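Visitor: After the structure tokens below, expect a handful of questions from me.
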Amino acid sequence: MSLDLDALSIRSVNGTALFQPLTLHIPAGDVVTVMGPSGVGKSTLLDAIGGHLTHGFHLSGTVHLNGRDVTDLPAEARRIGLMFQDALLFPHLSVGDNLSFGLPANLRGRAPRRAAVEEALSQAGLAGLYERDPATLSGGQRARAALMRTLLADPAALLLDEPFSKLDAGLRDEMREFTFARVKSRAVPTLMVTHDPDDAAAAGGPVIALKGLMAP
């Protein structure tokens with residue numbers, strides 16, 4: 001598996017290019033980090049790869065996932081997971097039901113789906129918390145639950161948008177280790193956007209400096 005960008009470029013509504021064209025190969029299980037100043041277009045880059053590009057932006061270049069061109073596919077057809085800096089769990093659902101939301105539709109039957117969620121909770125150090133209210137979880141527990149929900153969807157690639165920035169220093173180390181270990185064990189090509197050089201160091205992969213362009 002791999003995620004490949006070929007001469008990917010994004011222009012704003014007035015025709016201004018956000019950054020220099022980006023060509024990138026991310027093998028299975030590797031994490032490539034993108035860094036750059038605020039406003040250069042890092043999150044917009046992830047939106048473009050995931051199929052969530054805001055109306056008014058224009059994308060050129062291609063996105064290939066496992067050799068398949070997904071550039072023009074809708075987000076739901078790409079199998080690309082996206083994790084934000086906020087661990088967004090549905091407040092009206094239990095912890096376990098939140099994770100169930102990420103299960104693929106082809107996993108049928110109440111018992112198999114419950115078993116898959118229980119296993120994911122155990123892997124995340126959340127065993128026994130299926131029925132818990134998400135509001136009762138700590139910040140680290142919420143972050144682990146959100147990541148496992150994303151991984152339960154069996155993404156073919158993963159995008160991380162400042163995933164650790166809302167955590168305190170101790171939890172950052174814990175979540176970096178937890179996240180990157182699962183990326184490697186599941187062989188998921190991963191692209192991470194961050195301002196924190198410690199995130200990049202923990203990821204252990206190449207670091208790309210996204211360079212903004214001031215002129216159209």
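As shown in the structure tokens, the chain order sets the letters A, B, ...; within each chain, residues go from 1, and ligands are also counted from 1 in the order they appear.
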Segment 20-109 of chain A: which residues are helix (DSSP H, G or I) by DSSP, as a PyMOL selection string?
Guide: chain A and resi 42-50+75-77+95-100
Visitor: Please, which residues in segment 146-195 of chain A fall within 7 Å of segment 87-103 of chain A when counting only C-alpha atoms, and what is the closest atom pair and distance in Å to one decimal for each, ordered by chain then residue number, as a Markdown table?
Guide:
```
| residue | atom | partner | partner_atom | distance |
| --- | --- | --- | --- | --- |
| A:Ala146 | CA | A:Ala87 | CA | 5.6 |
| A:Met148 | CA | A:Leu99 | CA | 7.0 |
| A:Arg149 | CA | A:Leu99 | CA | 4.5 |
| A:Thr150 | CA | A:Gly102 | CA | 6.1 |
| A:Leu152 | CA | A:Leu103 | CA | 5.3 |
| A:Ala153 | CA | A:Gly102 | CA | 4.8 |
```
Visitor: Fewer than 6 positions away in the same chain doesn't count, so skip those; otherwise give me all residues within 9 Å of Ala124 of chain A, counting only C-alpha atoms, as a list in words.
Guide: Gln141, Arg144, Ala145, Leu147, Met148 and Phe178 of chain A
Visitor: Any chance you could export the current selection's C-alpha atoms as a PDB file, in the first residue's frame?
Guide:
```pdb
ATOM      1  CA  GLN A 141      -8.805   8.382  26.700  1.00  0.00           C
ATOM      2  CA  ARG A 144      -7.352   7.051  21.939  1.00  0.00           C
ATOM      3  CA  ALA A 145     -11.037   6.343  21.391  1.00  0.00           C
ATOM      4  CA  LEU A 147      -8.159   7.226  16.832  1.00  0.00           C
ATOM      5  CA  MET A 148      -9.496   3.686  17.220  1.00  0.00           C
ATOM      6  CA  PHE A 178       0.129   4.934  20.665  1.00  0.00           C
TER       7      PHE A 178
END
```
Visitor: Excluding Asp154 of chain A and its own-chain neighbours fewer than 6 positions away, which residues fall within 12 Å of it when counting only C-alpha atoms? Please give them as an MDAnalysis selection string.
Guide: chainID A and resid 78:82 102:107 116 147:148 182:183 186:188
Visitor: Got a sec: who's within 10 Å of Pro21 of chain A, counting only C-alpha atoms, leaving out chain neighbours fewer than 5 positions off, as a PyMOL selection string?
Guide: chain A and resi 5-10+60-61+210-211
Visitor: Neighbours of Thr33 of chain A within 8 Å (only C-alpha atoms; same-chain residues fewer than 6 positions away dropped), as a list of chain:residue names?
Guide: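 The contact residues come out as A:Leu191, A:Met192, A:Val193, A:Thr194, A:Ala200, A:Ala203, A:Gly205, A:Pro206, A:Val207, A:Ile208.
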Visitor: Tell me, as a ChimeraX atom specification, which residues lie within 9 Å of His195 of chain A, counting only C-alpha atoms; anything in the same chain fewer than 6 positions away does not count.
Guide: /A:34-38,162,165
Visitor: Kindly export the residues of the current selection with C-alpha atoms, as a PDB file, in the first residue's frame.
Guide:
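Just written: selection35.pdb:
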```
ATOM      1  CA  VAL A  34       4.354  18.342   6.594  1.00  0.00           C
ATOM      2  CA  MET A  35       5.381  21.530   8.381  1.00  0.00           C
ATOM      3  CA  GLY A  36       5.144  25.190   7.455  1.00  0.00           C
ATOM      4  CA  PRO A  37       3.929  28.578   8.684  1.00  0.00           C
ATOM      5  CA  SER A  38       0.290  29.219   9.565  1.00  0.00           C
ATOM      6  CA  GLU A 162      -2.306  18.623  14.374  1.00  0.00           C
ATOM      7  CA  SER A 165      -1.762  19.888  19.843  1.00  0.00           C
TER       8      SER A 165
END
```
Visitor: Could you please determine the separation between atom CA of Pro155 of chain A and atom CA of Ala169 of chain A in Å, to one decimal place?
Guide: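 Separating atom CA of Pro155 of chain A from atom CA of Ala169 of chain A is a distance of 28.1 Å.
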Visitor: With DSSP run on the backbone, what are the strand (DSSP E or B) residues within segment 23-206 of chain A? I'd like them as a count of residues only.
Guide: 33
Visitor: Suppose you want the space between atom CA of Val31 of chain A and atom CA of Phe180 of chain A; what is it in Å?
Guide: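 Atom-to-atom, atom CA of Val31 of chain A to atom CA of Phe180 of chain A, that is 7.8 Å.
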Visitor: Closest to Leu59 of chain A among A:Lys184, A:Arg142, A:Arg11, A:Arg172, using only C-alpha atoms?
Guide: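 Closest candidate: A:Arg11.
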